[in-house]
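Notes follow the structure.
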Amino acid sequence: MALDQPGMLNSLGLPKAPSQTRVVVAMSGGVDSSVVAAVLAEQGYDVVGVTLQLYDHGAALAKKGACCAGRDIHDARRVAETMGFPHYVLDYENTFRAAVIDEFADSYLAGATPVPCIRCNERVKFKDLLETAKDLDADCMATGHYIQRKMGPQKAELHCAADAARDQSYFLFSTTQAQLDFLRFPLGHLTSKAETRALAAKYGLSVADKPDSQDICFVPNGDYAAVIEKLRPGAADPGQIVDMDGTVLGEHRGVIHYTIGQRRGLGIGGLADPLYVVKLDPETRQVVVGPKEHLSTRIVPLREINWLGDAPLTSRTEWEVEVKIRSTRPPRPAVIRPLSDQTATVELFTPEEGVSPGQACVFYDTDSSRVLGGGWIHKG
């Protein structure tokens, strides 16, 4: 594409020819980021692929279904060779451990339900890797996330992906405005994953049929408890299962094996009404159970809010929005009442069950696909 006319923008929204535009592509070794790199390389951009080694290779090599293991680094390198652009592997193990894994273990032990993928985006990929991209004189950084960046009347805006089934906005709510100005998400407008795989096949990429990662990358087979026991010896110490009044109903095999809202596997059968886990108390090593109505939450306290609206969060006493409390649930109507520029309470119009500290609450515009930010749920 020739950009002869002043003011013309290339496909990444930058005012110069693709060949003069350096793009660092964050490559996990999966099909999504591989397609991003291939598309941009074909369009003539100066592409540099970067893959992060986030944890020990030896443990990772034999593992399938998660990103950033040894196989994935190999796959990313092959894509770079196929498309003819440079590829680098950066050792981020210490950063990842300090910024993501340790907090995951500690918050889980504190009875929270952490979402480490958000912290990884916030503290590693969109912070350290983004700074590395700038050190490489990149004009922007592209990722394979399913989310859209659109230019609004005032600034770059974050929007949900065109394909609701693939939308990753819940995991990217903490993207700051400065990061959003530098980031690009070339897959956000695609209407299905089939389109991505078709592009991979078109470019002859070896990852065209590679399965999507399912697990948190450092939690093999979704076994959180095993990972936390390894990181924090003694975390699986047994304790008591008690009801809301403190009556002992049975023994449990460690607080880390339970989650808020859990009903099955409590080992306290024979009761007239079903009981659910309503609270985890790591200090007393108690799992507190109660009837289902005690799981319902209407008021949700938030901290570490990242606000992406046009006016400051505190410029109003109330914001009517839609919110997601969990990544798998649709947005629900709610009101945000700011307490400061980073703290607020959210009132849900319809109570939600199983709201747990450590999860994210993500804000959406009621009249469009725009993501307005979000915050972290805490105990209040």
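Chain labels follow the order of the structure tokens: the first chain is A, the next B, and so on; residue numbering restarts at 1 in every chain, and ligands are counted from 1 in their shown order.
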Please run DSSP on the backbone and report, as a compact mmCIF listing (two decimals) with N, CA and C atoms, in the first residue's frame, all residues within region 105-351 of chain A that come out as strand (DSSP E).
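Below you can see out-v2.txt, which holds the result:
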# COMPACT_ATOMS: atom_id res chain seq x y z
N CYS A 140 4.49 0.12 17.39
CA CYS A 140 3.35 -0.41 18.14
C CYS A 140 3.63 -1.88 18.46
N MET A 141 2.80 -2.46 19.32
CA MET A 141 2.90 -3.89 19.64
C MET A 141 1.56 -4.54 19.34
N ALA A 142 1.59 -5.68 18.66
CA ALA A 142 0.36 -6.38 18.29
C ALA A 142 0.28 -7.71 19.04
N ILE A 147 -10.13 -8.84 20.95
CA ILE A 147 -10.68 -7.60 21.49
C ILE A 147 -10.41 -6.54 20.43
N GLN A 148 -11.16 -5.44 20.45
CA GLN A 148 -10.99 -4.42 19.41
C GLN A 148 -10.52 -3.10 20.00
N ARG A 149 -9.66 -2.44 19.24
CA ARG A 149 -9.23 -1.08 19.55
C ARG A 149 -9.81 -0.19 18.47
N LYS A 150 -10.64 0.76 18.87
CA LYS A 150 -11.26 1.66 17.89
C LYS A 150 -10.95 3.10 18.26
N MET A 151 -10.78 3.95 17.25
CA MET A 151 -10.56 5.37 17.51
C MET A 151 -11.90 6.05 17.75
N ALA A 156 -8.24 6.56 21.66
CA ALA A 156 -8.40 5.14 21.36
C ALA A 156 -9.29 4.50 22.42
N GLU A 157 -10.22 3.67 21.97
CA GLU A 157 -11.16 3.02 22.88
C GLU A 157 -11.00 1.50 22.81
N LEU A 158 -11.32 0.84 23.90
CA LEU A 158 -11.32 -0.62 23.95
C LEU A 158 -12.75 -1.10 23.72
N HIS A 159 -12.92 -2.06 22.81
CA HIS A 159 -14.25 -2.60 22.50
C HIS A 159 -14.21 -4.12 22.51
N CYS A 160 -15.36 -4.72 22.78
CA CYS A 160 -15.46 -6.19 22.74
C CYS A 160 -15.14 -6.71 21.34
N LEU A 183 -0.90 -0.39 21.67
CA LEU A 183 -1.27 -1.77 21.32
C LEU A 183 -2.17 -1.83 20.09
N ARG A 184 -2.11 -2.98 19.39
CA ARG A 184 -3.01 -3.26 18.28
C ARG A 184 -3.49 -4.71 18.41
N GLY A 239 -8.84 -29.16 58.24
CA GLY A 239 -9.52 -28.29 59.20
C GLY A 239 -10.98 -28.67 59.30
N GLN A 240 -11.78 -27.74 59.83
CA GLN A 240 -13.19 -28.03 60.09
C GLN A 240 -14.10 -27.41 59.03
N ILE A 241 -15.19 -28.14 58.72
CA ILE A 241 -16.30 -27.58 57.96
C ILE A 241 -17.36 -27.17 58.98
N VAL A 242 -17.73 -25.89 58.99
CA VAL A 242 -18.70 -25.39 59.97
C VAL A 242 -19.86 -24.72 59.27
N VAL A 248 -19.68 -27.45 64.09
CA VAL A 248 -18.81 -28.30 63.28
C VAL A 248 -19.63 -29.41 62.62
N LEU A 249 -19.54 -29.48 61.29
CA LEU A 249 -20.29 -30.48 60.52
C LEU A 249 -19.39 -31.60 60.00
N GLY A 250 -18.08 -31.34 59.97
CA GLY A 250 -17.19 -32.36 59.45
C GLY A 250 -15.78 -31.83 59.32
N GLU A 251 -14.93 -32.64 58.71
CA GLU A 251 -13.52 -32.28 58.49
C GLU A 251 -13.29 -32.05 56.99
N HIS A 252 -12.35 -31.18 56.66
CA HIS A 252 -11.97 -31.02 55.26
C HIS A 252 -10.48 -31.29 55.11
N TYR A 276 -23.79 -25.01 50.61
CA TYR A 276 -22.79 -24.53 49.68
C TYR A 276 -21.66 -23.85 50.46
N VAL A 277 -20.47 -23.83 49.89
CA VAL A 277 -19.38 -23.07 50.51
C VAL A 277 -19.68 -21.58 50.36
N VAL A 278 -19.81 -20.88 51.49
CA VAL A 278 -20.12 -19.45 51.43
C VAL A 278 -18.94 -18.59 51.88
N LYS A 279 -17.96 -19.22 52.55
CA LYS A 279 -16.80 -18.45 53.00
C LYS A 279 -15.64 -19.40 53.25
N LEU A 280 -14.43 -18.92 52.96
CA LEU A 280 -13.22 -19.67 53.28
C LEU A 280 -12.40 -18.83 54.25
N ASP A 281 -12.01 -19.40 55.39
CA ASP A 281 -11.24 -18.67 56.39
C ASP A 281 -9.89 -19.36 56.59
N GLN A 286 -11.02 -22.86 58.42
CA GLN A 286 -12.43 -23.28 58.39
C GLN A 286 -13.03 -23.06 57.00
N VAL A 287 -13.84 -24.03 56.57
CA VAL A 287 -14.68 -23.89 55.39
C VAL A 287 -16.11 -23.69 55.92
N VAL A 288 -16.68 -22.51 55.65
CA VAL A 288 -18.01 -22.18 56.17
C VAL A 288 -19.05 -22.49 55.09
N VAL A 289 -20.08 -23.24 55.47
CA VAL A 289 -21.14 -23.62 54.53
C VAL A 289 -22.47 -23.05 54.98
N GLY A 290 -23.37 -22.85 54.00
CA GLY A 290 -24.69 -22.31 54.31
C GLY A 290 -25.63 -22.52 53.15
N SER A 296 -25.85 -15.13 47.38
CA SER A 296 -26.28 -14.00 46.56
C SER A 296 -25.65 -12.69 47.04
N THR A 297 -25.13 -11.93 46.08
CA THR A 297 -24.47 -10.65 46.39
C THR A 297 -25.06 -9.56 45.51
N ARG A 298 -25.37 -8.42 46.13
CA ARG A 298 -25.85 -7.28 45.37
C ARG A 298 -24.82 -6.14 45.36
N ILE A 299 -24.12 -5.95 46.49
CA ILE A 299 -23.13 -4.87 46.59
C ILE A 299 -21.72 -5.47 46.50
N VAL A 300 -20.94 -4.96 45.55
CA VAL A 300 -19.61 -5.51 45.29
C VAL A 300 -18.56 -4.41 45.48
N PRO A 301 -17.68 -4.52 46.49
CA PRO A 301 -16.63 -3.51 46.68
C PRO A 301 -15.45 -3.76 45.73
N LEU A 302 -14.96 -2.67 45.12
CA LEU A 302 -13.86 -2.79 44.14
C LEU A 302 -12.70 -1.90 44.53
N ARG A 303 -11.48 -2.36 44.16
CA ARG A 303 -10.28 -1.53 44.30
C ARG A 303 -9.41 -1.73 43.06
N GLU A 304 -8.32 -0.96 42.98
CA GLU A 304 -7.41 -1.03 41.80
C GLU A 304 -8.20 -0.87 40.50
N ILE A 305 -9.12 0.09 40.49
CA ILE A 305 -9.94 0.30 39.29
C ILE A 305 -9.10 0.92 38.17
N ASN A 306 -9.27 0.38 36.97
CA ASN A 306 -8.71 0.99 35.75
C ASN A 306 -9.89 1.53 34.97
N TRP A 307 -9.97 2.85 34.85
CA TRP A 307 -11.12 3.50 34.21
C TRP A 307 -10.73 4.00 32.82
N TRP A 319 -22.54 5.86 37.86
CA TRP A 319 -22.44 5.51 36.44
C TRP A 319 -23.31 4.28 36.20
N GLU A 320 -24.27 4.40 35.29
CA GLU A 320 -25.04 3.21 34.92
C GLU A 320 -24.29 2.47 33.82
N VAL A 321 -23.97 1.23 34.09
CA VAL A 321 -23.18 0.42 33.16
C VAL A 321 -23.72 -1.01 33.15
N GLU A 322 -23.06 -1.86 32.40
CA GLU A 322 -23.25 -3.30 32.56
C GLU A 322 -21.93 -3.86 33.07
N VAL A 323 -21.99 -4.90 33.88
CA VAL A 323 -20.76 -5.47 34.43
C VAL A 323 -20.73 -6.98 34.26
N LYS A 324 -19.51 -7.49 34.15
CA LYS A 324 -19.27 -8.94 34.18
C LYS A 324 -18.51 -9.25 35.46
N ARG A 332 -24.32 -7.78 33.10
CA ARG A 332 -25.60 -7.49 33.77
C ARG A 332 -25.65 -6.01 34.16
N PRO A 333 -26.87 -5.41 34.16
CA PRO A 333 -26.99 -4.00 34.54
C PRO A 333 -26.54 -3.74 35.97
N ALA A 334 -25.88 -2.60 36.18
CA ALA A 334 -25.36 -2.26 37.50
C ALA A 334 -25.10 -0.76 37.58
N VAL A 335 -24.83 -0.29 38.79
CA VAL A 335 -24.46 1.11 39.02
C VAL A 335 -23.11 1.13 39.73
N ILE A 336 -22.18 1.94 39.19
CA ILE A 336 -20.90 2.17 39.87
C ILE A 336 -21.02 3.44 40.70
N ARG A 337 -20.63 3.35 41.99
CA ARG A 337 -20.59 4.54 42.84
C ARG A 337 -19.13 4.75 43.27
N PRO A 338 -18.43 5.69 42.62
CA PRO A 338 -17.02 5.90 42.91
C PRO A 338 -16.78 6.40 44.34
N ALA A 344 -14.46 1.88 44.39
CA ALA A 344 -15.89 2.12 44.18
C ALA A 344 -16.68 0.95 44.75
N THR A 345 -17.99 1.16 44.90
CA THR A 345 -18.88 0.03 45.13
C THR A 345 -19.76 -0.10 43.89
N VAL A 346 -20.06 -1.34 43.54
CA VAL A 346 -20.95 -1.61 42.42
C VAL A 346 -22.21 -2.25 42.98
N GLU A 347 -23.35 -1.71 42.59
CA GLU A 347 -24.63 -2.33 42.98
C GLU A 347 -25.21 -3.03 41.77
N LEU A 348 -25.41 -4.34 41.91
CA LEU A 348 -26.00 -5.15 40.83
C LEU A 348 -27.52 -5.04 40.89
N PHE A 349 -28.15 -4.81 39.74
CA PHE A 349 -29.61 -4.75 39.71
C PHE A 349 -30.21 -6.10 40.09
N THR A 350 -29.56 -7.19 39.66
CA THR A 350 -29.99 -8.54 40.02
C THR A 350 -28.84 -9.20 40.77
N PRO A 351 -29.09 -9.70 41.98
CA PRO A 351 -28.00 -10.31 42.75
C PRO A 351 -27.34 -11.47 41.99
Just the residues within 8 Å of region 47-49 of chain A, please, counting only C-alpha atoms, with nothing from its chain fewer than 4 positions along; format it as a list of chain:residue names.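 So the residues in contact are A:Arg22, A:Val23, A:Val24, A:Val25, A:Ala26, A:Met27, A:Ala37, A:Leu40, A:Ala41, A:Ala80, A:Phe85, A:Pro86, A:His87, A:Tyr88.
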Take the residues just selected and output them with N, CA, C and O atoms as a short mmCIF file (atom, residue, chain, number, x, y, z; two decimals), in the first residue's frame.
data_model
loop_
_atom_site.label_atom_id
_atom_site.label_comp_id
_atom_site.auth_asym_id
_atom_site.auth_seq_id
_atom_site.Cartn_x
_atom_site.Cartn_y
_atom_site.Cartn_z
N ARG A 22 7.66 -0.46 12.33
CA ARG A 22 8.10 -1.65 13.06
C ARG A 22 7.03 -2.08 14.07
O ARG A 22 6.56 -1.28 14.87
N VAL A 23 6.66 -3.36 13.99
CA VAL A 23 5.64 -3.92 14.88
C VAL A 23 6.24 -5.10 15.64
O VAL A 23 6.70 -6.07 15.02
N VAL A 24 6.25 -5.03 16.97
CA VAL A 24 6.61 -6.19 17.77
C VAL A 24 5.34 -7.00 17.99
O VAL A 24 4.32 -6.46 18.42
N VAL A 25 5.39 -8.29 17.63
CA VAL A 25 4.24 -9.17 17.83
C VAL A 25 4.55 -10.11 19.00
O VAL A 25 5.56 -10.82 18.99
N ALA A 26 3.69 -10.08 20.02
CA ALA A 26 3.81 -10.99 21.16
C ALA A 26 3.34 -12.36 20.72
O ALA A 26 2.14 -12.55 20.46
N MET A 27 4.26 -13.32 20.59
CA MET A 27 3.93 -14.63 20.02
C MET A 27 3.97 -15.71 21.10
O MET A 27 5.02 -15.99 21.67
N ALA A 37 1.13 -12.27 13.31
CA ALA A 37 2.47 -12.02 12.79
C ALA A 37 2.53 -12.26 11.28
O ALA A 37 3.13 -11.47 10.53
N LEU A 40 0.65 -9.43 9.27
CA LEU A 40 1.39 -8.17 9.24
C LEU A 40 2.66 -8.28 8.39
O LEU A 40 3.03 -7.34 7.68
N ALA A 41 3.30 -9.46 8.43
CA ALA A 41 4.48 -9.66 7.59
C ALA A 41 4.11 -9.61 6.11
O ALA A 41 4.80 -8.99 5.30
N ALA A 80 8.05 -17.75 12.48
CA ALA A 80 8.93 -16.64 12.09
C ALA A 80 9.81 -17.04 10.90
O ALA A 80 10.01 -16.25 9.97
N PHE A 85 10.72 -13.28 9.29
CA PHE A 85 11.00 -12.14 10.16
C PHE A 85 11.79 -12.61 11.39
O PHE A 85 11.74 -13.79 11.75
N PRO A 86 12.52 -11.71 12.06
CA PRO A 86 13.31 -12.10 13.23
C PRO A 86 12.42 -12.49 14.41
O PRO A 86 11.30 -11.99 14.55
N HIS A 87 12.94 -13.38 15.25
CA HIS A 87 12.18 -13.86 16.42
C HIS A 87 13.12 -13.96 17.61
O HIS A 87 14.23 -14.49 17.50
N TYR A 88 12.67 -13.46 18.75
CA TYR A 88 13.49 -13.50 19.97
C TYR A 88 12.71 -14.19 21.10
O TYR A 88 11.49 -14.05 21.18
#
Residue among A:Arg264, A:His145, A:Arg370, A:Lys379 lying closest to Pro357 (chain A), counting only C-alpha atoms: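 Closest to Pro357 (chain A) of all the choices is A:Lys379.
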Between CA of Asn94 (chain A) and CA of Pro220 (chain A), distance in Å (one decimal):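 These atoms are spaced 19.4 Å apart.
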Just checking: using only C-alpha atoms, which residue out of A:Pro15, A:Gly374, A:Pro233, A:Gly267 ends up closest to Arg326 (chain A)?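 Ranking A:Pro15, A:Gly374, A:Pro233, A:Gly267 by distance to Arg326 (chain A), first place goes to A:Gly374.
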From the list A:Lys292, A:Pro331, A:Ala208, A:Asp128, which residue is nearest Asp273 (chain A) when using only C-alpha atoms?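 Nearest to Asp273 (chain A): A:Lys292.
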Can you list, as a VMD selection string, all residues belonging to region 90-207 of chain A that DSSP tags as alpha helix (DSSP H)? chain A and resid 93 to 96 102 to 109 116 to 120 130 to 135 177 to 182 193 to 202
